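Engineer: Take this structure, written in structure tokens, and hold onto it; I'll ask about it next.
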There are 2 protein chains.
Amino acid sequence: MKIAIYQLNPTIGDLANNAEKINQAAQWAISKNARLLVTPELSLCGYPPRDLLLNPSFIQSLSIELQKLAKKLPDKLAVLVGTVEANTDSNLRGEKPLFNTVAWLEDGQIKQIFYKRLLPTYDVFDEARYFEPGKQTNYFEIQPNSSSNPLKIGVTICEDLWNDDQFWGQKKYECNPLEDLIKLEADLIVNLSASPYSVGKQNLRENMIKYSSKRYQIPIIYTNQVGGNDDLIFDGNSFAVNPQNEVVLRLKSFEENIDLIDFDPKTKHFVLSTVNNKPQTAEEEIWLALVLGLKDYAQKCGFSQALLGLSGGIDSSLVAAIATEALGKENILGLLMPSPFSSEHSITDAEDLVKNLGINSYKLPIADLMKSYDTILEPLFAGTKFGVAEENIQSRIRGNLLMAIANKFGYLLLSTGNKSEMAVGYCTLYGDMNGGLAVISDVPKTRVFSICHWLNRKTEVIPHNVLIKPPSAELKPDQTDQDSLPPYEVLDEILDRLIHQHQSVSQISEAGFDLAVINKILKLVIRAEFKRKQAPPGLKVTDRAFGTGWRMPIASRWKFD
Amino acid sequence: MKIAIYQLNPTIGDLANNAEKINQAAQWAISKNARLLVTPELSLCGYPPRDLLLNPSFIQSLSIELQKLAKKLPDKLAVLVGTVEANTDSNLRGEKPLFNTVAWLEDGQIKQIFYKRLLPTYDVFDEARYFEPGKQTNYFEIQPNSSSNPLKIGVTICEDLWNDDQFWGQKKYECNPLEDLIKLEADLIVNLSASPYSVGKQNLRENMIKYSSKRYQIPIIYTNQVGGNDDLIFDGNSFAVNPQNEVVLRLKSFEENIDLIDFDPKTKHFVLSTVNNKPQTAEEEIWLALVLGLKDYAQKCGFSQALLGLSGGIDSSLVAAIATEALGKENILGLLMPSPFSSEHSITDAEDLVKNLGINSYKLPIADLMKSYDTILEPLFAGTKFGVAEENIQSRIRGNLLMAIANKFGYLLLSTGNKSEMAVGYCTLYGDMNGGLAVISDVPKTRVFSICHWLNRKTEVIPHNVLIKPPSAELKPDQTDQDSLPPYEVLDEILDRLIHQHQSVSQISEAGFDLAVINKILKLVIRAEFKRKQAPPGLKVTDRAFGTGWRMPIASRWKFD
């Protein structure tokens with residue numbers, strides 16, 4: 001029995017187009033003699049729809065669109081579509097008003113609805129805000145062909161498969177939908193997912209699913225969404241495993257893709273199919289993720305061209321390279337805005353980058369504007385020392401010029417700050433933080449370097465000098481980042497322990513870091529909360545980004561000791 | 001039996017100081033011969049602690065601080081303190097790792113822990129992200145005095161009382177903790193709350209609690225947190241009711257307060273105590289809320305002085321008045337930044353406001369800076385028409401000047417946009433949206449007017465001319481808001497239907513609004529999502545603010561039809 005797996009790149013809320021894409025996939029599937037087509041979680045509306053779910057008309061439209069789709073699909077093909085259903089009479093039982101569901105469409109009808117049971121409510125996930133957990137075990141039976149017995153197919157939705165207590169060494173939810181399906185003697189499990197990307201996530205998914213498949217001796221198909229939706233990137237990488245620890249199908253990483261797997265109703269095993277390679281390194285993986293994230297954000301927001309400031313530093317160089325790959329060199333404008341504090345190499349390095357990438361560029365020196373601000377502020381600032389206020393003015397002049405050009409010609413402005421800067425607040429709110437999308441705000445500085453080195457593995461993309469010079473904001477004479485910060489290797493490890501590992505000051509200190517340095521960094525991190533609050537959406541590539549999954553109070557006094 | 005009720009204004013995460021405030025309250029309570037002291041929900045750490053809860057050291061510190069507090073408190077006083085407890089072995093059961101709890105402290109000990117059962121997970125509330133719901137019914141017994149029988153006191157935490165199916169006409173949660181306590185024959189219910197303010201919320205609370213008190217024939221004490229924490233304002237207004245629909249105690253609105261209520265162990269009723277007045281009008285209520293919200297945000301973030309731009313318009317005038325009330329006129333600096341498009345009355349109106357309020361002011365005309373930008377951008381902009389790009393440059397010049405002064409002298413910059421503007425995007429990102437706090441971003445324009453009229457009820461605070469002239473951004477010659485928007489009365493009602501009532505386009509149209517107007521507004525609202533994403537925290541005064549409770553996708557295509 002042939003099963004088609006379609007990792008769809010939906011646009012949130014674009015129900016008619018998402019439905020048409022599913023229909024196209026179904027036409028392809030039937031042409032290949034498939035019996036079943038599996039799509040991702042919430043494939044009809046895209047994941048995550050967030051507070052669109054609070055509009056009753058959104059839920060009604062999903063229902064209407066699902067019925068229309070059912071009628072349009074080819075006969076004799078079972079299609080699993082992710083959608084949302086109202087929880088009828090939830091008011092009488094004191095339940096949430098919606099279910100996160102999968103609809104089995106076949107022969108023009110909605111044959112059955114399945115309900116997601118485990119609702120992630122942590123990090124970027126807010127499912128308990130909207131949904132009631134399903135209580136029943138979800139499966140259906142289909143006849144592979146006229147001669148064979150029906151197969152019992154267990155249906156799980158994303159998190160439903162993430163509760164193998166042996167794999168995790170703990171229970172994450174009370175019930176285990178997979179175990180329930182095993183008790184009912186399912187022949188095969190399908191999973192409809194929208195699992196956001198983070199570094200190494202696919203290895204984790206495959207290890208987990210292989211573990212469960214082997215433990216319960218059951219073949220599993222894992223279908224993931226692909227594409228960027230605001231801060232979240234979905235990597236696709238849909239796959240199927242046999243209970244012998246075998247990945248027998250893997251769809252492409254970071255692109256829309258459809259493929260087939262053959263399930264033998266007699267042996268109850270998959271036949272080996274296409275196994276696409278995963279990215280080879282973390283650097284390649286993050287690169288592909290960011291390219292997709294930027295491309296989709298631009299396209300889904302209606303931008304074809306992007307703009308960014310080029311300082312000659314490594315962050316803006318990397319973002320320019322990502323943007324070029326995502327939107328095409330002819331669609332990228334790099335703006336050089338040197339000040340009297342800019343070193344000669346800043347300009348030549350930026351110009352070398354422009355040459356390497358083949359993008360458009362323009363130079364607008366800001367000295368005159370700086371003078372105009374100095375003049376107007378002179379009566380107020382007289383007698384004070386040059387300091388952060390003056391440094392920020394420069395950054396905000398650049399931010400204003402970038403936005404003026406973006407507004408005038410319809411560019412998407414990209415901000416170029418990295419995660420280390422965002423953590424300690426080495427960035428200017430309303431200045432270099434300006435932008436519709438923060439492309440590398442979840443990439444620590446040390447990783448920015450390693451990605452650039454990887455990018456240069458064959459030919460020079462990032463100019464060599466950009467990689468070797470000491471990082472500097474160049475907002476005052478002879479400034480470097482290390483004047484006031486520890487080396488980035490040290491900073492990034494302390495930040496990782498604070499942010500990702502939830503370690504306390506004393507734990508980090510016990511790990512061998514200088515207490516004064518930790519406390520200084522911690523103070524910076526806490527103080528910068530108000531800046532992060534106003535940052536553009538940043539593409540998430542780690543398991544804890546400063547985005548929708550980071551919910552910190554600003555006016556607080558906790559010292560993390 | 002005397003019961004003290006302390007509506008505390010905690011600082012999030014400042015455990016030692018919050019504990020000391022509770023201790024001071026206990027010393028007062030015992031001096032008044034109280035037998036019991038009730039404090040708000042999570043009084044030890046402040047509500048909401050958000051992702052601080054993810055740090056194990058935060059949970060440990062709460063536990064240590066609670067034990068220290070128990071030892072410090074006076075003898076023979078039962079004290080109920082809101083805190084967080086680890087859910088031991090949650091890993092084995094697949095539960096969330098924490099409980100939202102109340103500790104009963106007495107005689108140097110932690111006598112008992114009570115667990116919150118109903119966990120709000122909607123709007124600004126994320127409790128299912130952190131907490132496991134408690135399963136048992138929470139009560140304890142105390143002896144009012146040596147001669148009387150022990151009293152059974154039912155303990156509920158905030159949402160635990162918000163599930164009266166008869167009052168709401170629906171069940172919001174499966175279980176009803178109050179009903180369970182009635183079955184156990186509780187004599188009295190105490191509730192520890194942190195219920196954020198919105199217009200009219202106190203009437204709702206009192207009606208609901210009175211309803212339940214009468215329905216179940218049980219006296220209830222409702223203790224609420226007070227103070228501003230980022231976008232949330234807590235209004236205090238703690239109260240007690242007898243089953244005869246009687247409010248027998250009401251603490252002050254919008255300020256820290258402690259008071260006593262006497263419970264007669266024989267009649268099982270409260271004796272009438274101090275019933276403070278509630279604010280008389282919605283305008284007064286919102287005014288008091290915003291003053292408190294601004295004051296606390298400034299103080300808890302360490303600012304004593306605030307700065308804002310004065311355009312001579314009604315929004316900045318109102319914010320200046322609020323800031324003056326919150327921080328004192330000597331601590332407010334208003335900056336006038338006229339451009340060649342500013343009308344004469346803009347300047348004189350702003351100057352009149354400065355005089356009325358007695359605040360400091362300074363004038364920085366921006367014509368020269370506008371020219372500098374024009375000059376630098378001339379080669380790029382040549383041949384294009386004056387438009388949004390040029391309008392925004394002006395706003396961003398002002399934003400840059402304000403931030404420069406704020407950075408230089410340590411002012412908190414206040415942004416002055418109202419909710420109607422934020423909804424349709426009539427505000428400039430990195431321009432007039434700049435600020436640490438958006439003071440009136442949840443106040444619709446029509447309400448801004450009514451608050452200003454209320455403010456002027458005795459003497460002129462807001463200059464008369466500000467109230468009568470047509471609103472304008474003055475970013476081009478002879479511009480008014482109504483050039484491109486419907487009258488604010490119409491706009492605000494359409495927005496209310498869209499945002500608060502979750503109505504669809506066709507529903508609003510059926511209510512008699514012009515379809516073209518609705519669609520135009522809707523388009524503006526959807527398009528402005530990227531701006532709201534980068535807005536400063538805005539003080540919440542309605543039941544649906546553009547803040548932590550507003551979670552909309554940016555790159556989406558839903559048309560709300």
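All residue names refer to the structure tokens as shown: chains lettered A, B, ... in order, residues numbered from 1 in each chain, ligands numbered from 1 in order.
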Set the cut-off to 7 Å and count only C-alpha atoms: what are the residues of chain B that reach chain A? Output as number ranges by chain.
Structural biologist: B: 11-14, 49-52, 55, 57-58, 91-95, 121-122, 128-129, 170-174, 229-230, 297, 300-301, 364, 369, 372, 376, 388-389, 393, 396, 400, 404, 407-408, 430, 502, 504, 533-536, 551-558, 560-561
Engineer: Show which residues sit within 8 Å of region 334-348 of chain B, as a list in words. Count only C-alpha atoms, and ignore same-chain residues fewer than 4 positions away.
Structural biologist: Leu307, Leu308, Gly309, Leu310, Ser311, Gly312, Gly313, Ala320, Asp352, Val354, Ile359, Asn360, Ser361, Tyr362, Lys363, Leu364, Pro365, Ile366, Ala367, Gln394, Arg398, Leu402, Glu474, Leu475, Lys476, Pro477 and Asp478 of chain B
Engineer: Now that the selection is made, can you save its residues with C-alpha atoms as a short mmCIF file (atom, residue, chain, number, x, y, z; two decimals), in the first residue's frame?
Structural biologist:
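The file below, selection.cif, is the result:
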data_model
loop_
_atom_site.label_atom_id
_atom_site.label_comp_id
_atom_site.auth_asym_id
_atom_site.auth_seq_id
_atom_site.Cartn_x
_atom_site.Cartn_y
_atom_site.Cartn_z
CA LEU B 307 10.34 62.62 29.58
CA LEU B 308 7.87 62.93 26.75
CA GLY B 309 7.32 64.79 23.54
CA LEU B 310 4.56 67.42 23.64
CA SER B 311 2.87 67.94 20.30
CA GLY B 312 0.06 70.13 21.59
CA GLY B 313 -2.29 67.22 20.86
CA ALA B 320 1.85 64.52 30.59
CA ASP B 352 -0.33 76.23 27.94
CA VAL B 354 3.25 73.07 30.51
CA ILE B 359 6.30 70.80 34.49
CA ASN B 360 9.67 71.50 32.91
CA SER B 361 9.87 71.96 29.19
CA TYR B 362 12.29 72.61 26.42
CA LYS B 363 11.86 73.49 22.77
CA LEU B 364 13.96 71.96 19.99
CA PRO B 365 12.73 72.92 16.51
CA ILE B 366 13.59 70.17 14.04
CA ALA B 367 13.58 72.05 10.72
CA GLN B 394 10.10 63.76 11.18
CA ARG B 398 11.80 63.48 17.37
CA LEU B 402 13.88 62.14 22.98
CA GLU B 474 0.93 67.45 11.58
CA LEU B 475 3.43 65.55 9.46
CA LYS B 476 2.35 67.34 6.29
CA PRO B 477 0.58 70.62 5.59
CA ASP B 478 -3.04 70.87 6.83
#
Engineer: Please return as a PyMOL selection string: the residues of region 40-185 of chain A that backbone DSSP assigns to strand (DSSP E or B).
Structural biologist: chain A and resi 78-86+98-106+109-115+131+139-142+151-157
Engineer: Can you measure CA of Gln112 (chain B) to CA of Lys135 (chain B) for me? One decimal in Å is fine.
Structural biologist: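 Separation between CA of Gln112 (chain B) and CA of Lys135 (chain B): 15.1 Å.
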Engineer: Looking only at helix (DSSP H, G or I) from DSSP on the backbone, list the matching residues of region 280-507 of chain A as a VMD selection string.
Structural biologist: chain A and resid 282 to 301 314 to 327 329 to 331 344 to 357 367 to 381 388 to 409 419 to 424 445 to 455 464 to 468 481 to 483 488 to 500 505 to 507
Engineer: Of the residues A:Val38, A:Val541, A:His453, A:Glu85, which is the one nearest to Ile233 (chain A), using only C-alpha atoms?
Structural biologist: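 Looking only at the distances to Ile233 (chain A), the closest residue turns out to be A:Val541.
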Engineer: What does the distance from CA of Pro243 (chain A) to CA of Asp160 (chain A) come to in Å, to one decimal?
Structural biologist: 18.5 Å
Engineer: Could you please determine the separation between CA of Ser147 (chain A) and CA of Thr267 (chain A) in Å, to one decimal place?
Structural biologist: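 Atom-to-atom, CA of Ser147 (chain A) and CA of Thr267 (chain A) are spaced 15.1 Å apart.
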Engineer: Do a neighbour search on region 459-469 of chain B at 6 Å with only C-alpha atoms, toss out local chain neighbours closer than 5 positions, and write the hits as a PDB file with N, CA and C atoms, in the first residue's frame.
Structural biologist:
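Writing done, so here's around_28.pdb:
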ATOM      1  N   GLY B 313      -1.113  68.051  21.093  1.00  0.00           N
ATOM      2  CA  GLY B 313      -2.292  67.219  20.857  1.00  0.00           C
ATOM      3  C   GLY B 313      -2.822  66.641  22.156  1.00  0.00           C
ATOM      4  N   ILE B 314      -3.967  65.988  22.034  1.00  0.00           N
ATOM      5  CA  ILE B 314      -4.644  65.534  23.252  1.00  0.00           C
ATOM      6  C   ILE B 314      -3.946  64.337  23.892  1.00  0.00           C
ATOM      7  N   LEU B 353      -0.233  73.840  28.277  1.00  0.00           N
ATOM      8  CA  LEU B 353      -0.249  72.610  29.073  1.00  0.00           C
ATOM      9  C   LEU B 353       0.885  72.621  30.097  1.00  0.00           C
ATOM     10  N   ASN B 356      -0.111  74.863  32.826  1.00  0.00           N
ATOM     11  CA  ASN B 356      -1.153  74.262  33.672  1.00  0.00           C
ATOM     12  C   ASN B 356      -0.586  73.210  34.620  1.00  0.00           C
TER      13      ASN B 356
END
